[in-house]
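As stored in target.pdb (PDB, N, CA and C atoms):
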ATOM      1  N   MET A   5     168.776 124.445  17.033
ATOM      2  CA  MET A   5     168.866 124.270  18.470
ATOM      3  C   MET A   5     169.953 125.215  18.995
ATOM      4  N   SER A   6     169.638 125.946  20.066
ATOM      5  CA  SER A   6     170.611 126.862  20.650
ATOM      6  C   SER A   6     171.691 126.071  21.389
ATOM      7  N   ALA A   7     172.791 126.731  21.694
ATOM      8  CA  ALA A   7     173.878 126.079  22.430
ATOM      9  C   ALA A   7     173.388 125.631  23.804
ATOM     10  N   ASP A   8     172.525 126.430  24.434
ATOM     11  CA  ASP A   8     171.997 126.071  25.747
ATOM     12  C   ASP A   8     171.118 124.830  25.652
ATOM     13  N   GLN A   9     170.270 124.772  24.632
ATOM     14  CA  GLN A   9     169.411 123.598  24.446
ATOM     15  C   GLN A   9     170.248 122.364  24.151
ATOM     16  N   GLU A  10     171.289 122.536  23.352
ATOM     17  CA  GLU A  10     172.166 121.408  23.027
ATOM     18  C   GLU A  10     172.875 120.900  24.275
ATOM     19  N   ALA A  11     173.297 121.815  25.135
ATOM     20  CA  ALA A  11     173.998 121.429  26.362
ATOM     21  C   ALA A  11     173.089 120.659  27.314
ATOM     22  N   ARG A  12     171.798 120.944  27.275
ATOM     23  CA  ARG A  12     170.850 120.285  28.174
ATOM     24  C   ARG A  12     170.235 119.011  27.588
ATOM     25  N   ALA A  13     170.485 118.757  26.319
ATOM     26  CA  ALA A  13     169.919 117.578  25.667
ATOM     27  C   ALA A  13     170.536 116.309  26.247
ATOM     28  N   PRO A  14     169.745 115.249  26.359
ATOM     29  CA  PRO A  14     170.299 113.989  26.866
ATOM     30  C   PRO A  14     171.404 113.473  25.938
ATOM     31  N   VAL A  15     172.361 112.818  26.528
ATOM     32  CA  VAL A  15     173.455 112.217  25.745
ATOM     33  C   VAL A  15     172.950 110.896  25.184
ATOM     34  N   ALA A  16     173.085 110.729  23.881
ATOM     35  CA  ALA A  16     172.622 109.506  23.230
ATOM     36  C   ALA A  16     173.469 108.312  23.648
ATOM     37  N   ASP A  17     172.854 107.156  23.734
ATOM     38  CA  ASP A  17     173.594 105.929  24.031
ATOM     39  C   ASP A  17     174.719 105.761  23.022
ATOM     40  N   GLY A  18     175.899 105.479  23.485
ATOM     41  CA  GLY A  18     177.042 105.245  22.619
ATOM     42  C   GLY A  18     177.760 106.503  22.173
ATOM     43  N   ALA A  19     177.264 107.695  22.568
ATOM     44  CA  ALA A  19     177.886 108.952  22.145
ATOM     45  C   ALA A  19     179.251 109.158  22.805
ATOM     46  N   ALA A  20     179.379 108.715  24.032
ATOM     47  CA  ALA A  20     180.662 108.844  24.732
ATOM     48  C   ALA A  20     181.568 107.705  24.270
ATOM     49  N   VAL A  21     182.580 108.065  23.499
ATOM     50  CA  VAL A  21     183.464 107.040  22.946
ATOM     51  C   VAL A  21     184.775 106.923  23.720
ATOM     52  N   ARG A  22     184.996 107.852  24.634
ATOM     53  CA  ARG A  22     186.239 107.809  25.403
ATOM     54  C   ARG A  22     185.963 108.247  26.835
ATOM     55  N   ARG A  23     186.578 107.557  27.756
ATOM     56  CA  ARG A  23     186.447 107.848  29.181
ATOM     57  C   ARG A  23     187.841 108.149  29.702
ATOM     58  N   ILE A  24     188.073 109.389  30.095
ATOM     59  CA  ILE A  24     189.406 109.829  30.504
ATOM     60  C   ILE A  24     189.469 109.923  32.022
ATOM     61  N   PRO A  25     190.346 109.150  32.665
ATOM     62  CA  PRO A  25     190.474 109.259  34.117
ATOM     63  C   PRO A  25     191.175 110.568  34.497
ATOM     64  N   VAL A  26     190.718 111.173  35.585
ATOM     65  CA  VAL A  26     191.324 112.399  36.094
ATOM     66  C   VAL A  26     192.220 112.010  37.263
ATOM     67  N   GLU A  27     193.491 112.301  37.140
ATOM     68  CA  GLU A  27     194.462 111.958  38.188
ATOM     69  C   GLU A  27     194.548 113.088  39.213
ATOM     70  N   GLY A  28     194.996 112.753  40.416
ATOM     71  CA  GLY A  28     195.281 113.760  41.433
ATOM     72  C   GLY A  28     194.075 114.322  42.153
ATOM     73  N   VAL A  29     192.981 113.566  42.174
ATOM     74  CA  VAL A  29     191.793 114.043  42.875
ATOM     75  C   VAL A  29     192.060 114.092  44.380
ATOM     76  N   GLY A  30     192.869 113.171  44.873
ATOM     77  CA  GLY A  30     193.296 113.209  46.268
ATOM     78  C   GLY A  30     192.285 112.703  47.265
ATOM     79  N   THR A  31     191.307 111.925  46.825
ATOM     80  CA  THR A  31     190.302 111.365  47.737
ATOM     81  C   THR A  31     190.077 109.910  47.355
ATOM     82  N   ASP A  32     189.097 109.311  47.994
ATOM     83  CA  ASP A  32     188.727 107.942  47.643
ATOM     84  C   ASP A  32     187.870 107.887  46.381
ATOM     85  N   ALA A  33     187.460 109.036  45.884
ATOM     86  CA  ALA A  33     186.609 109.088  44.688
ATOM     87  C   ALA A  33     187.444 108.925  43.424
ATOM     88  N   GLU A  34     186.777 108.440  42.379
ATOM     89  CA  GLU A  34     187.389 108.359  41.056
ATOM     90  C   GLU A  34     186.608 109.298  40.146
ATOM     91  N   VAL A  35     187.322 110.061  39.323
ATOM     92  CA  VAL A  35     186.677 111.022  38.431
ATOM     93  C   VAL A  35     187.058 110.688  36.997
ATOM     94  N   PHE A  36     186.048 110.698  36.114
ATOM     95  CA  PHE A  36     186.247 110.415  34.689
ATOM     96  C   PHE A  36     185.549 111.483  33.864
ATOM     97  N   LEU A  37     186.160 111.847  32.751
ATOM     98  CA  LEU A  37     185.552 112.739  31.771
ATOM     99  C   LEU A  37     185.081 111.883  30.609
ATOM    100  N   ASP A  38     183.827 112.011  30.231
ATOM    101  CA  ASP A  38     183.276 111.287  29.085
ATOM    102  C   ASP A  38     183.258 112.238  27.895
ATOM    103  N   VAL A  39     183.881 111.836  26.778
ATOM    104  CA  VAL A  39     183.945 112.687  25.597
ATOM    105  C   VAL A  39     183.433 111.939  24.370
ATOM    106  N   ASP A  40     182.990 112.724  23.366
ATOM    107  CA  ASP A  40     182.514 112.124  22.126
ATOM    108  C   ASP A  40     183.653 112.008  21.122
ATOM    109  N   ALA A  41     183.348 111.543  19.925
ATOM    110  CA  ALA A  41     184.367 111.308  18.901
ATOM    111  C   ALA A  41     185.095 112.583  18.492
ATOM    112  N   ALA A  42     184.452 113.743  18.669
ATOM    113  CA  ALA A  42     185.075 115.023  18.318
ATOM    114  C   ALA A  42     185.872 115.608  19.480
ATOM    115  N   GLY A  43     185.886 114.908  20.610
ATOM    116  CA  GLY A  43     186.619 115.388  21.775
ATOM    117  C   GLY A  43     185.842 116.346  22.659
ATOM    118  N   ARG A  44     184.536 116.488  22.409
ATOM    119  CA  ARG A  44     183.706 117.373  23.227
ATOM    120  C   ARG A  44     183.317 116.686  24.529
ATOM    121  N   LEU A  45     183.384 117.435  25.605
ATOM    122  CA  LEU A  45     183.017 116.915  26.914
ATOM    123  C   LEU A  45     181.516 116.685  26.984
ATOM    124  N   LEU A  46     181.120 115.463  27.299
ATOM    125  CA  LEU A  46     179.706 115.110  27.424
ATOM    126  C   LEU A  46     179.271 115.022  28.874
ATOM    127  N   GLY A  47     180.189 114.629  29.746
ATOM    128  CA  GLY A  47     179.818 114.471  31.140
ATOM    129  C   GLY A  47     181.015 114.243  32.023
ATOM    130  N   ILE A  48     180.789 114.430  33.303
ATOM    131  CA  ILE A  48     181.801 114.177  34.323
ATOM    132  C   ILE A  48     181.204 113.158  35.274
ATOM    133  N   GLU A  49     181.890 112.070  35.452
ATOM    134  CA  GLU A  49     181.409 110.997  36.318
ATOM    135  C   GLU A  49     182.281 110.947  37.564
ATOM    136  N   VAL A  50     181.633 110.955  38.728
ATOM    137  CA  VAL A  50     182.354 110.861  39.998
ATOM    138  C   VAL A  50     181.873 109.598  40.692
ATOM    139  N   ILE A  51     182.767 108.637  40.826
ATOM    140  CA  ILE A  51     182.445 107.375  41.495
ATOM    141  C   ILE A  51     182.966 107.481  42.923
ATOM    142  N   GLY A  52     182.094 107.240  43.873
ATOM    143  CA  GLY A  52     182.471 107.413  45.271
ATOM    144  C   GLY A  52     182.413 108.877  45.668
ATOM    145  N   ALA A  53     181.422 109.600  45.132
ATOM    146  CA  ALA A  53     181.316 111.042  45.344
ATOM    147  C   ALA A  53     181.218 111.418  46.814
ATOM    148  N   GLY A  54     180.662 110.536  47.617
ATOM    149  CA  GLY A  54     180.517 110.829  49.040
ATOM    150  C   GLY A  54     181.848 111.086  49.723
ATOM    151  N   GLY A  55     182.934 110.539  49.185
ATOM    152  CA  GLY A  55     184.252 110.769  49.769
ATOM    153  C   GLY A  55     184.927 112.012  49.246
ATOM    154  N   ALA A  56     184.341 112.656  48.228
ATOM    155  CA  ALA A  56     185.002 113.801  47.607
ATOM    156  C   ALA A  56     184.199 115.087  47.671
ATOM    157  N   LEU A  57     182.887 114.979  47.798
ATOM    158  CA  LEU A  57     182.042 116.164  47.743
ATOM    159  C   LEU A  57     181.300 116.368  49.057
ATOM    160  N   PRO A  58     181.026 117.628  49.411
ATOM    161  CA  PRO A  58     180.262 117.878  50.631
ATOM    162  C   PRO A  58     178.839 117.349  50.498
ATOM    163  N   GLN A  59     178.262 116.925  51.594
ATOM    164  CA  GLN A  59     176.911 116.355  51.605
ATOM    165  C   GLN A  59     175.900 117.300  50.969
ATOM    166  N   GLU A  60     176.019 118.602  51.236
ATOM    167  CA  GLU A  60     175.080 119.568  50.673
ATOM    168  C   GLU A  60     175.106 119.545  49.142
ATOM    169  N   GLY A  61     176.272 119.416  48.568
ATOM    170  CA  GLY A  61     176.396 119.355  47.115
ATOM    171  C   GLY A  61     175.775 118.092  46.551
ATOM    172  N   LEU A  62     175.936 116.983  47.250
ATOM    173  CA  LEU A  62     175.338 115.722  46.805
ATOM    174  C   LEU A  62     173.812 115.800  46.842
ATOM    175  N   GLU A  63     173.276 116.386  47.907
ATOM    176  CA  GLU A  63     171.825 116.512  48.034
ATOM    177  C   GLU A  63     171.278 117.429  46.948
ATOM    178  N   ARG A  64     171.976 118.505  46.655
ATOM    179  CA  ARG A  64     171.523 119.464  45.648
ATOM    180  C   ARG A  64     171.544 118.824  44.258
ATOM    181  N   SER A  65     172.586 118.032  43.965
ATOM    182  CA  SER A  65     172.699 117.442  42.633
ATOM    183  C   SER A  65     171.662 116.345  42.422
ATOM    184  N   SER A  66     171.280 115.632  43.455
ATOM    185  CA  SER A  66     170.289 114.565  43.293
ATOM    186  C   SER A  66     168.873 115.133  43.208
ATOM    187  N   ALA A  67     168.683 116.382  43.608
ATOM    188  CA  ALA A  67     167.372 117.007  43.531
ATOM    189  C   ALA A  67     167.103 117.580  42.149
ATOM    190  N   SER A  68     168.130 117.718  41.323
ATOM    191  CA  SER A  68     167.962 118.318  39.993
ATOM    192  C   SER A  68     167.260 117.385  39.048
TER
END

Hey, can you dump this file as structure tokens for me?
Amino acid sequence: MSADQEARAPVADGAAVRRIPVEGVGTDAEVFLDVDAAGRLLGIEVIGAGGALPQEGLERSSAS
């Protein structure tokens, strides 16, 4: 599997073993980094994204 294919592969249930909060976002949103046991970044979670991201970005991300 190529690096690009691996990056696009779905994250298996339970693969994210650590959730790291990101401080200093400066909005009402909360941001977390999800990482696996090897410390590799699996995903970025934004809770309350409407308070942190422009509407156009939210619409574009939900269309993907």

Apply DSSP to the structure's backbone, then extract all residues of chain A labelled strand (DSSP E) and return them as a compact mmCIF listing (two decimals) with N, CA and C atoms, keeping the file's coordinate frame.
# COMPACT_ATOMS: atom_id res chain seq x y z
N ARG A 22 185.00 107.85 24.63
CA ARG A 22 186.24 107.81 25.40
C ARG A 22 185.96 108.25 26.84
N ARG A 23 186.58 107.56 27.76
CA ARG A 23 186.45 107.85 29.18
C ARG A 23 187.84 108.15 29.70
N ILE A 24 188.07 109.39 30.10
CA ILE A 24 189.41 109.83 30.50
C ILE A 24 189.47 109.92 32.02
N PRO A 25 190.35 109.15 32.66
CA PRO A 25 190.47 109.26 34.12
C PRO A 25 191.18 110.57 34.50
N VAL A 26 190.72 111.17 35.58
CA VAL A 26 191.32 112.40 36.09
C VAL A 26 192.22 112.01 37.26
N GLU A 34 186.78 108.44 42.38
CA GLU A 34 187.39 108.36 41.06
C GLU A 34 186.61 109.30 40.15
N VAL A 35 187.32 110.06 39.32
CA VAL A 35 186.68 111.02 38.43
C VAL A 35 187.06 110.69 37.00
N PHE A 36 186.05 110.70 36.11
CA PHE A 36 186.25 110.42 34.69
C PHE A 36 185.55 111.48 33.86
N LEU A 37 186.16 111.85 32.75
CA LEU A 37 185.55 112.74 31.77
C LEU A 37 185.08 111.88 30.61
N ASP A 38 183.83 112.01 30.23
CA ASP A 38 183.28 111.29 29.08
C ASP A 38 183.26 112.24 27.90
N VAL A 39 183.88 111.84 26.78
CA VAL A 39 183.94 112.69 25.60
C VAL A 39 183.43 111.94 24.37
N LEU A 45 183.38 117.44 25.60
CA LEU A 45 183.02 116.92 26.91
C LEU A 45 181.52 116.68 26.98
N LEU A 46 181.12 115.46 27.30
CA LEU A 46 179.71 115.11 27.42
C LEU A 46 179.27 115.02 28.87
N GLY A 47 180.19 114.63 29.75
CA GLY A 47 179.82 114.47 31.14
C GLY A 47 181.02 114.24 32.02
N ILE A 48 180.79 114.43 33.30
CA ILE A 48 181.80 114.18 34.32
C ILE A 48 181.20 113.16 35.27
N GLU A 49 181.89 112.07 35.45
CA GLU A 49 181.41 111.00 36.32
C GLU A 49 182.28 110.95 37.56
N VAL A 50 181.63 110.96 38.73
CA VAL A 50 182.35 110.86 40.00
C VAL A 50 181.87 109.60 40.69
N ILE A 51 182.77 108.64 40.83
CA ILE A 51 182.44 107.38 41.50
C ILE A 51 182.97 107.48 42.92

Practice item. Compare A:Val39, A:Ala7, A:Val50, A:Leu57 by their minimum atom-to-atom distance to Arg23 in chain A, counting all atoms listed in the file, and give me the closest one. Key: A:Val39

Exercise for review: In Å, rounded to a single decimal, give me how far atom N of Ala53 in chain A is from CA of Pro14 in chain A.
Suggested key: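 Taking CA of Pro14 in chain A as the start and atom N of Ala53 in chain A as the end point, the length is 21.8 Å.
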
Study note, to complete from the structure: Of A:Ala13, A:Leu62, A:Val29, A:Ala19, the one nearest to Ala41 in chain A when counting all atoms listed in the file is A:Ala19

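Here CA of Leu37 in chain A stands at a distance of 14.8 Å from CA of Gly52 in chain A.
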
Check your understanding: Just how far from CA of Ala33 in chain A is CA of Gly61 in chain A, in Å to one decimal?
Key ->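 Computing it gives 14.7 Å between the two atoms.
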
Review point. Selected by the PyMOL selection byres ((chain A and resi 47) around 8) in the shown coordinates: which residues, as a list in words?
Key: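 When the PyMOL selection byres ((chain A and resi 47) around 8) is applied to the shown file, the picked residues are Ala20, Phe36, Leu37, Asp38, Val39, Asp40, Arg44, Leu45, Leu46, Ile48, Glu49 and Val50 of chain A.
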
Can you tell me, as JSON, the centre and edge lengths (Å, one decimal) of the axis-aligned box enclosing all of range 8-17 of chain A's listed atoms after padding each side by 3 Å?
{"center_x": 172.1, "center_y": 116.1, "center_z": 25.6, "size_x": 11.3, "size_y": 26.7, "size_z": 11.2}

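Assigned to helix (DSSP H, G or I) in chain A, given DSSP computed from backbone atoms, are Ala7, Asp8, Gln9, Glu10, Ala11, Arg12, Ala53, Gly54, Gly55, Gln59, Glu60, Gly61, Leu62, Glu63, Arg64, Ser65, Ser66 and Ala67 of chain A.
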